[in-house]
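Since the structure comes first, as structure tokens, the remarks are kept for the end.
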Amino acid sequence: MADTPRGANRAPVRRDKAEQLVLVTLLFFGGSVMVTRVFLELTGYPQLGGGGLHFAHVIWGGMFLFVATLLPIILANQWALYWSAATGGIGFGLFIDEIGKFITQTNDYFYPPAAPIVYTLFLITTLVYIHVRRPKETSPREELYRVLQGLTELLDHDLDATERAALKKRLDSIRSQSDDPQLLNLAESLDQYIQSEHIQTVPERRPQWILKLQSWVKAVENFFTRPRLRIVLILSLGAVGVYSIVRLVTFGMFATAVFQGVDISPLVRPADIDVANQPLWYAIRQAVQGLVGFLSFLAAIYFVLKRDHVAVTLAILGLTFSLVVVNILVFYLDQFSATFGALFEFSVLMGVAIYRQRFLITPRTPTDPPVKL
């Protein structure tokens with residue numbers, strides 16, 4: 001009796017190496033915004049055009065986005081996806097940098113909420129990257145999609161032994177899990193083919209700059225032993241804590257001076273606050289930033305006491321809250337000058353995560369008992 005035909009399955013399938021493509025998009029998105037802002041600041045915000053015309057950089061952003069759209073539509077090569085991710089990131093960065101012009105009747109490029117909007121979109125893209133890079137169980141159908149995608153390396157004469165072994169592993173997984181005769185037959189045929197003598201692999205080739213980068217990363221990792229990395233985190237978290245707490249104390253002095261009718265100009269930098277228009281947002285920003293500073297300073301103290309688990313928990317809590325909540329207010333008040341502070345906090349958070357991964361998480365071995373939840 002013939003097998004009953006199965007209904008069409010149009011469920012979405014995550015592309016292999018999707019996390020790399022999202023990361024490329026994220027980096028070029030953030031980089032294009034920063035480069036554009038720095039360039040305009042250094043050059044005095046020039047205008048390209050004349051005679052009543054102004055070719056804003058949103059136009060170039062649209063061109064990059066159009067190229068990013070066409071590349072994967074026209075070209076089937078794997079490298080086209082990376083170029084699409086890069087041009088898409090650049091295009092979206094150039095586009096969103098001018099969001100202030102789009103949401104105001106006066107086409108105000110310096111509209112205060114524009115910076116928080118750009119920062120929030122960057123955070124959302126970062127969350128997408130974090131979600132995509134998480135490992136997930138895949139179905140035999142999804143695995144076969146990725147096998148077929150990997151076989152394109154054969155057409156480019158670029159299949160190395162590592163990639164061939166990965167294809168073999170995926171096909172073994174399909175055969176052990178699937179009950180679909182079509183998938184099983186195709187997986188069996190592909191498995192026999194990639195193991196045949198007709199398949200010729202090439203030596204694994206990596207660009208010289210990647211090898212140098214890997215060597216540099218390994219040297220840095222060897223240099224930062226646990227005591228050294230702990231010292232770096234103590235100093236960094238302490239700096240974040242002291243800076244935030246000092247600002248909170250300064251705000252307290254500012255508020256007291258206002259109520260007492262004292263001249264406040266020596267207490268607050270003109271760039272920090274427009275007292276007449278947004279004292280409430282400034283007060284909220286100082287309060288939550290003070291909380292972050294307290295958590296960061298407390299984490300530094302626990303690192304000094306070598307209570308690493310508590311220190312890591314406090315540091316991740318404080319820095320994540322700062323990056324996700326506090327910095328939206330900071331970008332509203334300080335605009336893009338807050339970028340470097342956000343980058344510093346993000347770097348410290350990555351350092352804490354690396355410390356936890358290297359020294360606090362014990363890797364499981366096959367003989368370890370299963371973890372009970």
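Identifiers in the structure tokens: chain A, B, ... in order shown; residue index from 1 per chain; ligand index from 1 in order shown.
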Using backbone DSSP assignments, extract all helix (DSSP H, G or I) residues from range 107-243 of chain A; output them as a VMD selection string. chain A and resid 114 to 133 140 to 150 152 to 155 161 to 177 181 to 194 208 to 223 226 to 243
Near-Phe359 in chain A list (9 Å; only C-alpha atoms; drop same-chain fewer than 4 positions) as a PyMOL selection string: chain A and resi 226+354-355
Store the residues of this selection in a file with C-alpha atoms, as a PDB file, in the first residue's frame.
```pdb
ATOM      1  CA  ARG A 226      41.165  35.096  37.016  1.00  0.00           C
ATOM      2  CA  ILE A 354      33.160  36.279  30.167  1.00  0.00           C
ATOM      3  CA  TYR A 355      34.311  36.025  33.793  1.00  0.00           C
TER       4      TYR A 355
END
```
Could you name the residues that touch Phe303 in chain A at 10 Å or less, counting only C-alpha atoms, but leaving out those on the same chain fewer than 2 positions away, as a PyMOL selection string? chain A and resi 230-231+233-234+237+297-301+305-312+315
Leaving out Ala161 in chain A and any residue of its chain fewer than 2 positions from it, which residues lie within 8 Å of it when counting only C-alpha atoms, given as number ranges by chain? A: 159, 163-165, 201-204
Same residues, C-alpha atoms, saved as a tab-separated table (two decimals), in the first residue's frame:
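Output (result.tsv):
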```tsv
chain	number	residue	atom	x	y	z
A	159	LEU	CA	33.87	22.08	0.99
A	163	GLU	CA	32.06	21.02	6.81
A	164	ARG	CA	31.79	17.51	5.35
A	165	ALA	CA	31.76	16.01	8.86
A	201	THR	CA	37.43	18.27	0.06
A	202	VAL	CA	39.76	21.25	0.15
A	203	PRO	CA	42.10	22.23	2.99
A	204	GLU	CA	40.41	24.45	5.53
```
Name all residues at most 12 Å from Thr120 in chain A (count only C-alpha atoms; drop same-chain ones fewer than 3 positions away) and give them as a CSV table (one decimal) with N, CA and C atoms, in the first residue's frame.
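For reference, result-v2.csv as written:
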```
chain,number,residue,atom,x,y,z
A,30,GLY,N,24.8,49.9,13.9
A,30,GLY,CA,25.4,50.8,15.0
A,30,GLY,C,26.6,51.6,14.5
A,96,ILE,N,17.6,55.6,9.8
A,96,ILE,CA,17.0,55.8,11.2
A,96,ILE,C,17.7,57.0,11.8
A,113,PRO,N,13.8,63.3,21.4
A,113,PRO,CA,13.5,61.8,21.4
A,113,PRO,C,14.1,61.0,20.3
A,114,ALA,N,14.7,61.6,19.3
A,114,ALA,CA,15.3,60.8,18.2
A,114,ALA,C,16.4,59.9,18.7
A,115,ALA,N,17.3,60.4,19.5
A,115,ALA,CA,18.4,59.5,20.0
A,115,ALA,C,17.9,58.3,20.8
A,116,PRO,N,16.9,58.5,21.7
A,116,PRO,CA,16.4,57.3,22.4
A,116,PRO,C,15.7,56.3,21.4
A,117,ILE,N,15.1,56.8,20.4
A,117,ILE,CA,14.4,55.9,19.4
A,117,ILE,C,15.5,55.1,18.7
A,123,LEU,N,18.8,48.3,20.6
A,123,LEU,CA,18.6,47.3,21.6
A,123,LEU,C,17.7,46.1,21.1
A,124,ILE,N,16.6,46.5,20.4
A,124,ILE,CA,15.7,45.5,19.9
A,124,ILE,C,16.4,44.5,18.9
A,125,THR,N,17.3,45.1,18.0
A,125,THR,CA,18.1,44.3,17.1
A,125,THR,C,19.0,43.4,17.9
A,126,THR,N,19.6,43.9,19.0
A,126,THR,CA,20.5,43.1,19.8
A,126,THR,C,19.7,42.0,20.5
A,127,LEU,N,18.5,42.2,20.9
A,127,LEU,CA,17.7,41.1,21.5
A,127,LEU,C,17.4,40.1,20.4
A,323,LEU,N,21.6,49.6,30.7
A,323,LEU,CA,21.6,49.6,29.3
A,323,LEU,C,20.2,49.6,28.7
A,324,VAL,N,19.2,48.9,29.4
A,324,VAL,CA,17.9,48.8,28.8
A,324,VAL,C,17.0,49.9,29.2
A,325,VAL,N,17.1,50.5,30.4
A,325,VAL,CA,16.2,51.5,30.9
A,325,VAL,C,16.9,52.9,31.1
A,326,VAL,N,18.0,52.9,31.8
A,326,VAL,CA,18.6,54.2,32.2
A,326,VAL,C,19.1,54.9,30.9
A,327,ASN,N,19.7,54.2,30.1
A,327,ASN,CA,20.3,54.8,28.9
A,327,ASN,C,19.3,55.4,27.9
A,328,ILE,N,18.1,55.0,28.0
A,328,ILE,CA,17.1,55.6,27.1
A,328,ILE,C,16.9,57.1,27.6
A,329,LEU,N,16.8,57.2,28.9
A,329,LEU,CA,16.7,58.6,29.5
A,329,LEU,C,18.0,59.4,29.2
A,330,VAL,N,19.1,58.7,29.4
A,330,VAL,CA,20.4,59.4,29.1
A,330,VAL,C,20.5,59.9,27.7
A,331,PHE,N,20.1,59.1,26.7
A,331,PHE,CA,20.1,59.5,25.4
A,331,PHE,C,19.1,60.6,25.1
A,332,TYR,N,18.0,60.6,25.8
A,332,TYR,CA,17.1,61.7,25.6
A,332,TYR,C,17.6,63.1,26.1
```
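Residues lying within 12 Å of Tyr109 in chain A, counting only C-alpha atoms and ignoring same-chain neighbours fewer than 6 positions away, are A:Arg37, A:Leu40, A:Tyr45, A:Ala56, A:His57, A:Val58, A:Ile96, A:Asp97, A:Glu98, A:Ile99, A:Gly100, A:Lys101, A:Phe102, A:Ile103, A:Ala115, A:Gln335.
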Go ahead and save the residues from that selection, with C-alpha atoms, as a compact mmCIF listing (two decimals), in the first residue's frame.
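Dumped to again-v4.txt:
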```
# COMPACT_ATOMS: atom_id res chain seq x y z
CA ARG A 37 27.10 61.53 13.73
CA LEU A 40 28.65 65.58 10.77
CA TYR A 45 26.83 69.48 9.39
CA ALA A 56 20.14 64.03 2.86
CA HIS A 57 21.90 60.84 3.91
CA VAL A 58 18.54 59.12 4.22
CA ILE A 96 17.04 55.85 11.15
CA ASP A 97 19.65 58.52 11.95
CA GLU A 98 17.26 61.05 10.39
CA ILE A 99 14.21 59.88 12.34
CA GLY A 100 13.87 63.33 13.93
CA LYS A 101 13.07 64.82 10.52
CA PHE A 102 10.35 62.27 9.86
CA ILE A 103 8.37 62.65 13.09
CA ALA A 115 18.37 59.52 19.99
CA GLN A 335 21.68 62.83 22.88
```
Have a look at CA of Leu171 in chain A and CA of Ile210 in chain A and let me know their distance in Å, one decimal.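 These atoms are spaced 29.5 Å apart.
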Would you work out the distance separating CA of Leu235 in chain A from CA of Ala342 in chain A, expressed in Å to one decimal? 16.9 Å
Within 10 Å of Ser347 in chain A, counting only C-alpha atoms, which residues qualify if same-chain residues fewer than 6 places away don't, as a PyMOL selection string? chain A and resi 236+341+353
Quick one: of A:Leu148, A:Arg205, A:Phe294, A:Tyr129, who's nearest to Thr162 in chain A, counting only C-alpha atoms?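 Looking only at the distances to Thr162 in chain A, the closest residue turns out to be A:Arg205.
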With only C-alpha atoms as the atoms that count, which of A:Gln286, A:Gln200, A:Gln149, A:Ser215 lies nearest to Ile245 in chain A? A:Gln286
Smallest atom-to-atom distance to Ala239 in chain A: which of A:Leu144, A:Val348, A:Ile174, A:Leu314, using only C-alpha atoms? A:Val348
